[in-house]
Amino acid sequence: MAGSVAAVALALPAAASAHGLGGKTDLAIPTWLFSWAAAIVLVASFAALAALWPKPALQEPHRRRLFAIPAVIDPLAALLGVALFALVVYAGFAGNQGEPVANLATIFVYVHFWVGVAVLSVLLGDLFHSFSPWLAVGRAARWVAQQRGLSRRPVLAYPEWLGCWPAVIGLAGFAWLELAYTQKSDPSVVAALAVGYATAQLLGMALFGMQTWSRRGDAFGLYFSLLSRLSVWEREGRVVYLRRPLSGAPRMPLMAGSVALLCVSIGSTSFDGFSNGSVWAGVSPDLSDAFSSLGAGSSTAHQWAATVGLTVAVALVASFYWLGVRGMQTVGESHRADELAGRFAHTLIPIAFAYALAHYFSLLAFQGQAAGYLVSNPLGRAHTDLLGTASFRIDYGFISSNRIWYVQVAALLCGHVAGLVLAHDRALALYHRAHDAARSQYWMLVVMVGFTSLGLWLLSAVST
Amino acid sequence: MSPAKRWAVLAVVIVAAVVAFVIVQPGGTSKKSKPTSPSAPTAAPPTAAPTPPPVTTVTVVRGKPAGGVTVINAKKGRRVRFIVRSDVADEIHVHGYDLMKDVAAGGSVNFDFPAKIDGGFDVELEKHGEQIATLKVQP
């Protein structure tokens, strides 16, 4: 690790070492596993169609009160969030610039934050809401204003037609950063963008009000809160409830851009998988050459090619969902297409999580171990060893490729079943005639089978 | 459909899935890699080691891999063998295994090591930041 602190900009092409962080990439799932999974998807889907319950069971949370969180926990969580943010930014600017895997900033943001918090949100509920650094500052500012008796009315009224599009743009921006931008592994770039994002959030909260803005303009907050709707834990105020699994999803707040947010998530993870495959390996040099011939330098041309790929992936995902919605429109009761798109949007949440888990599980399992040496050496400097673990090395043999494949396939299968279950339940609530509900489900089945098949194909096409 | 029938359908699907999985899964070849005990019958043929894997060559021209990123295939438990010929001097880094070897301009360097970890690993020219090969170790 001591060696190459050379100031060489790591201009890695999009398909390079696992998200620019070195280490281990996944092998393609073997054909037998792919065939088995595809067959089970179909079998399970038809069985589900035949056997699922006749009355909606998930539209209400059916929750049970568990306990109240002590008042001291939230301020502590907020403090921890802010401290961690400050450390990450400091490491990004002041730490090792030449080796992204030695710097807390890059590893934390791309692995522990982006993937780790997503997984924790599904397992434990909306944790990020308590730890979010910009929300913490916002709450502190609000508390100070209250003490001073200052007015709490927001400066500007948020234009409702905008919905959550600012968050959609934020999420798309992060996806672009992770998948297309050549400087993505540069710690100071990551730190600068983190500061910029936090500033934008604080500004938004100051102008439009904390609640209003954070539910519409905070890409990460909204993404994690959507994922947390799959979990059984619900929090209201300081009280924690246990609810039926998935029952948080039907109550997802719907506004302009809600469908787009989920399509960006699924599309960007799809492109991540696709960009490691052989089809992209064949297409991207030609795309890059096309941009080079327009005068772009080599790494800029790579960026443009990846941007095109990412946009196409998101558009494909959106149009596939849209096709399903148009199909459902043919089923009685003349619902409008955009109404249907909204009413079934939450069925995409399990798909988004399944895709994220399938593609990023090994990143979390391997690069996540970097926390072992980063707690002792967050800046990646030689001779720093705060807690004695600076010589810890990532164990790449800790989970075999077989186990990783099983996790990936299991994630997609569970996401598929969860999506079908949610769609079935919503159809029962939406359509008055059971016959119409059943017919609409054939369309959602097509959409779900399509997404799961795409997910499986992406896993099997990794650099074949 | 009554709740009992619903559970029955679920049970049938799960059992069918598990049975299909066990049938379709390739046999436990990986479980047979344990070394034979020293007291094997003397009539056993002299230690016929499996034929060594072919040696892949990675050629680097002007700092880039010729013919695109080369794929080096290997199987876990066997040896990984490849040669890198480069017209530029650099340090070759095999990620995951964390092996580093220098190559001189116009020279070549051999790699020969046991494939202990399965997965995909990048082989990179450190100073140029250029990926020249992908090592794929199948489980």
# chains A, B, ... in the order shown; residues from 1 in each chain; ligands from 1
>>> closest_atom_pairs(of="chain B", to="chain A", cutoff="7 Å", atoms="only C-alpha atoms", output="Markdown table")
| residue | atom | partner | partner_atom | distance |
| --- | --- | --- | --- | --- |
| B:Met1 | CA | A:Ala51 | CA | 6.7 |
| B:Arg6 | CA | A:Ala51 | CA | 5.4 |
| B:Val9 | CA | A:Ala47 | CA | 6.9 |
| B:Val13 | CA | A:Ala44 | CA | 6.6 |
| B:Ala17 | CA | A:Ile40 | CA | 6.4 |
| B:Phe21 | CA | A:Trp36 | CA | 6.8 |
| B:Val24 | CA | A:Trp32 | CA | 6.5 |
| B:Gln25 | CA | A:Trp32 | CA | 6.8 |
| B:His95 | CA | A:Gly23 | CA | 5.2 |
| B:Gly96 | CA | A:Gly23 | CA | 4.7 |
| B:Ile117 | CA | A:Gly397 | CA | 5.2 |
| B:Asp118 | CA | A:Ser401 | CA | 6.1 |
| B:Gly119 | CA | A:Leu27 | CA | 5.6 |
| B:Gly120 | CA | A:Thr25 | CA | 4.7 |
| B:Phe121 | CA | A:Lys24 | CA | 5.1 |
| B:Asp122 | CA | A:Ser17 | CA | 5.9 |
| B:Gly129 | CA | A:Leu10 | CA | 5.9 |
| B:Pro139 | CA | A:Ser401 | CA | 6.5 |
>>> residues_around(residues="Leu310 (chain A)", least_positions_apart="2", cutoff="10 Å", atoms="only C-alpha atoms", output="compact mmCIF listing (two decimals) with N, CA and C atoms, in the first residue's frame")
# COMPACT_ATOMS: atom_id res chain seq x y z
N ALA A 172 -30.16 10.31 -10.29
CA ALA A 172 -29.57 10.10 -11.62
C ALA A 172 -28.14 10.64 -11.63
N ALA A 175 -25.93 8.16 -9.93
CA ALA A 175 -25.72 7.00 -10.81
C ALA A 175 -24.70 7.35 -11.89
N TRP A 176 -24.81 8.54 -12.43
CA TRP A 176 -23.86 8.97 -13.46
C TRP A 176 -22.45 9.04 -12.89
N LEU A 179 -21.16 5.45 -12.43
CA LEU A 179 -21.04 4.57 -13.58
C LEU A 179 -20.37 5.18 -14.79
N ALA A 180 -20.39 6.50 -14.90
CA ALA A 180 -19.85 7.10 -16.11
C ALA A 180 -18.63 7.98 -15.85
N VAL A 264 -35.12 5.09 -12.39
CA VAL A 264 -33.70 5.47 -12.40
C VAL A 264 -32.90 4.47 -11.58
N GLY A 267 -32.87 1.15 -13.57
CA GLY A 267 -32.10 1.34 -14.80
C GLY A 267 -30.62 1.49 -14.53
N SER A 268 -30.26 2.21 -13.49
CA SER A 268 -28.83 2.42 -13.25
C SER A 268 -28.17 1.13 -12.77
N THR A 269 -28.85 0.36 -11.92
CA THR A 269 -28.26 -0.92 -11.51
C THR A 269 -28.17 -1.85 -12.72
N SER A 270 -29.17 -1.81 -13.60
CA SER A 270 -29.10 -2.63 -14.81
C SER A 270 -27.90 -2.26 -15.64
N PHE A 271 -27.67 -0.97 -15.80
CA PHE A 271 -26.55 -0.56 -16.62
C PHE A 271 -25.24 -0.98 -15.96
N ASP A 272 -25.20 -0.93 -14.64
CA ASP A 272 -24.01 -1.37 -13.92
C ASP A 272 -23.68 -2.80 -14.30
N PHE A 274 -24.88 -4.46 -16.93
CA PHE A 274 -24.71 -4.56 -18.37
C PHE A 274 -23.32 -4.12 -18.81
N SER A 275 -22.80 -3.08 -18.13
CA SER A 275 -21.52 -2.54 -18.56
C SER A 275 -20.36 -3.48 -18.26
N TRP A 304 -19.14 9.88 -22.26
CA TRP A 304 -20.32 10.09 -23.07
C TRP A 304 -20.96 8.75 -23.44
N ALA A 305 -20.12 7.78 -23.79
CA ALA A 305 -20.65 6.47 -24.15
C ALA A 305 -21.41 5.87 -22.98
N ALA A 306 -20.83 5.97 -21.78
CA ALA A 306 -21.50 5.43 -20.60
C ALA A 306 -22.78 6.20 -20.31
N THR A 307 -22.75 7.52 -20.54
CA THR A 307 -23.96 8.33 -20.30
C THR A 307 -25.08 7.86 -21.21
N VAL A 308 -24.73 7.60 -22.48
CA VAL A 308 -25.74 7.11 -23.42
C VAL A 308 -26.29 5.78 -22.93
N VAL A 312 -30.15 5.02 -21.90
CA VAL A 312 -30.94 4.00 -22.61
C VAL A 312 -31.48 2.97 -21.62
N ALA A 313 -30.65 2.59 -20.65
CA ALA A 313 -31.09 1.59 -19.68
C ALA A 313 -32.30 2.10 -18.89
N VAL A 314 -32.22 3.34 -18.41
CA VAL A 314 -33.32 3.90 -17.64
C VAL A 314 -34.57 4.00 -18.51
N ALA A 315 -34.37 4.45 -19.76
CA ALA A 315 -35.52 4.60 -20.67
C ALA A 315 -36.17 3.25 -20.94
N LEU A 316 -35.35 2.21 -21.11
CA LEU A 316 -35.89 0.87 -21.38
C LEU A 316 -36.71 0.39 -20.20
>>> residues_around(residues="Leu387 (chain A)", least_positions_apart="6", cutoff="12 Å", atoms="only C-alpha atoms", output="VMD selection string")
chain A and resid 371 to 378
>>> select_by_dssp(residues="region 123-236 of chain A", states="helix (DSSP H, G or I)", output="PyMOL selection string")
chain A and resi 123-124+128-131+133-147+160-162+165-179+187-208+210-217+219-228
>>> atom_distance(atom1="CA of Phe320 (chain A)", atom2="CA of Leu246 (chain A)")
23.1 Å
>>> select_by_dssp(residues="chain B", states="strand (DSSP E)", output="MDAnalysis selection string")
chainID B and resid 56:61 64:65 70:75 79:86 90:94 99:103 107:114 119:125 130:138
>>> residues_around(residues="Lys75 (chain B)", least_positions_apart="3", cutoff="8 Å", atoms="only C-alpha atoms", output="PyMOL selection string")
chain B and resi 78-79+115+118+137-139
>>> write_last_selection(atoms="all heavy atoms", output="short mmCIF file (atom, residue, chain, number, x, y, z; two decimals), in the first residue's frame")
data_model
loop_
_atom_site.label_atom_id
_atom_site.label_comp_id
_atom_site.auth_asym_id
_atom_site.auth_seq_id
_atom_site.Cartn_x
_atom_site.Cartn_y
_atom_site.Cartn_z
N ARG B 78 -6.31 -25.20 -8.81
CA ARG B 78 -5.23 -25.45 -9.77
C ARG B 78 -4.29 -24.24 -9.73
O ARG B 78 -4.44 -23.34 -8.91
CB ARG B 78 -5.80 -25.65 -11.17
CG ARG B 78 -6.91 -26.68 -11.21
CD ARG B 78 -6.40 -28.06 -11.45
NE ARG B 78 -5.92 -28.23 -12.82
CZ ARG B 78 -6.70 -28.60 -13.85
NH1 ARG B 78 -7.97 -28.85 -13.67
NH2 ARG B 78 -6.19 -28.73 -15.05
N ARG B 79 -3.36 -24.20 -10.70
CA ARG B 79 -2.44 -23.07 -10.72
C ARG B 79 -2.83 -22.08 -11.81
O ARG B 79 -3.38 -22.46 -12.84
CB ARG B 79 -1.00 -23.56 -10.95
CG ARG B 79 -0.47 -24.37 -9.79
CD ARG B 79 1.02 -24.57 -9.88
NE ARG B 79 1.76 -23.39 -9.47
CZ ARG B 79 2.04 -23.08 -8.21
NH1 ARG B 79 1.62 -23.86 -7.23
NH2 ARG B 79 2.74 -22.00 -7.90
N ALA B 115 -4.45 -20.95 -7.46
CA ALA B 115 -5.72 -20.21 -7.52
C ALA B 115 -6.52 -20.51 -6.26
O ALA B 115 -7.37 -21.40 -6.24
CB ALA B 115 -6.48 -20.63 -8.78
N ASP B 118 -11.76 -17.86 -5.63
CA ASP B 118 -12.49 -17.82 -6.89
C ASP B 118 -13.10 -16.45 -7.11
O ASP B 118 -13.27 -15.67 -6.17
CB ASP B 118 -13.56 -18.93 -6.94
CG ASP B 118 -14.49 -18.88 -5.74
OD1 ASP B 118 -14.69 -17.80 -5.17
OD2 ASP B 118 -15.01 -19.94 -5.37
N VAL B 137 -11.31 -17.07 -11.98
CA VAL B 137 -11.09 -18.35 -11.32
C VAL B 137 -12.45 -18.95 -11.03
O VAL B 137 -13.21 -18.42 -10.22
CB VAL B 137 -10.28 -18.17 -10.02
CG1 VAL B 137 -10.06 -19.51 -9.35
CG2 VAL B 137 -8.95 -17.50 -10.32
N GLN B 138 -12.76 -20.06 -11.70
CA GLN B 138 -14.06 -20.69 -11.51
C GLN B 138 -14.01 -21.58 -10.28
O GLN B 138 -13.00 -22.22 -10.00
CB GLN B 138 -14.43 -21.55 -12.74
CG GLN B 138 -14.59 -20.77 -14.02
CD GLN B 138 -15.82 -19.88 -14.01
OE1 GLN B 138 -16.75 -20.10 -13.24
NE2 GLN B 138 -15.82 -18.86 -14.85
N PRO B 139 -15.11 -21.62 -9.53
CA PRO B 139 -15.09 -22.44 -8.30
C PRO B 139 -15.06 -23.94 -8.61
O PRO B 139 -15.38 -24.34 -9.73
CB PRO B 139 -16.39 -22.06 -7.60
CG PRO B 139 -17.26 -21.55 -8.66
CD PRO B 139 -16.37 -20.92 -9.71
#
>>> residues_around(residues="Ser228 (chain A)", least_positions_apart="3", cutoff="10 Å", atoms="only C-alpha atoms", output="ChimeraX atom specification")
/A:118-128,222-225,231-234,246,248-249,349
>>> atom_distance(atom1="CA of Gln97 (chain A)", atom2="CA of Val190 (chain A)")
10.9 Å
>>> atom_distance(atom1="CA of Leu348 (chain A)", atom2="CA of Leu413 (chain A)")
13.7 Å
>>> residues_around(residues="Leu156 (chain A)", least_positions_apart="2", cutoff="6 Å", atoms="only C-alpha atoms", output="list of chain:residue names")
A:Pro154, A:Leu207, A:Phe208
>>> residues_around(residues="Ala157 (chain A)", least_positions_apart="3", cutoff="12 Å", atoms="only C-alpha atoms", output="ChimeraX atom specification")
/A:153-154,160-162,204-210,212-213
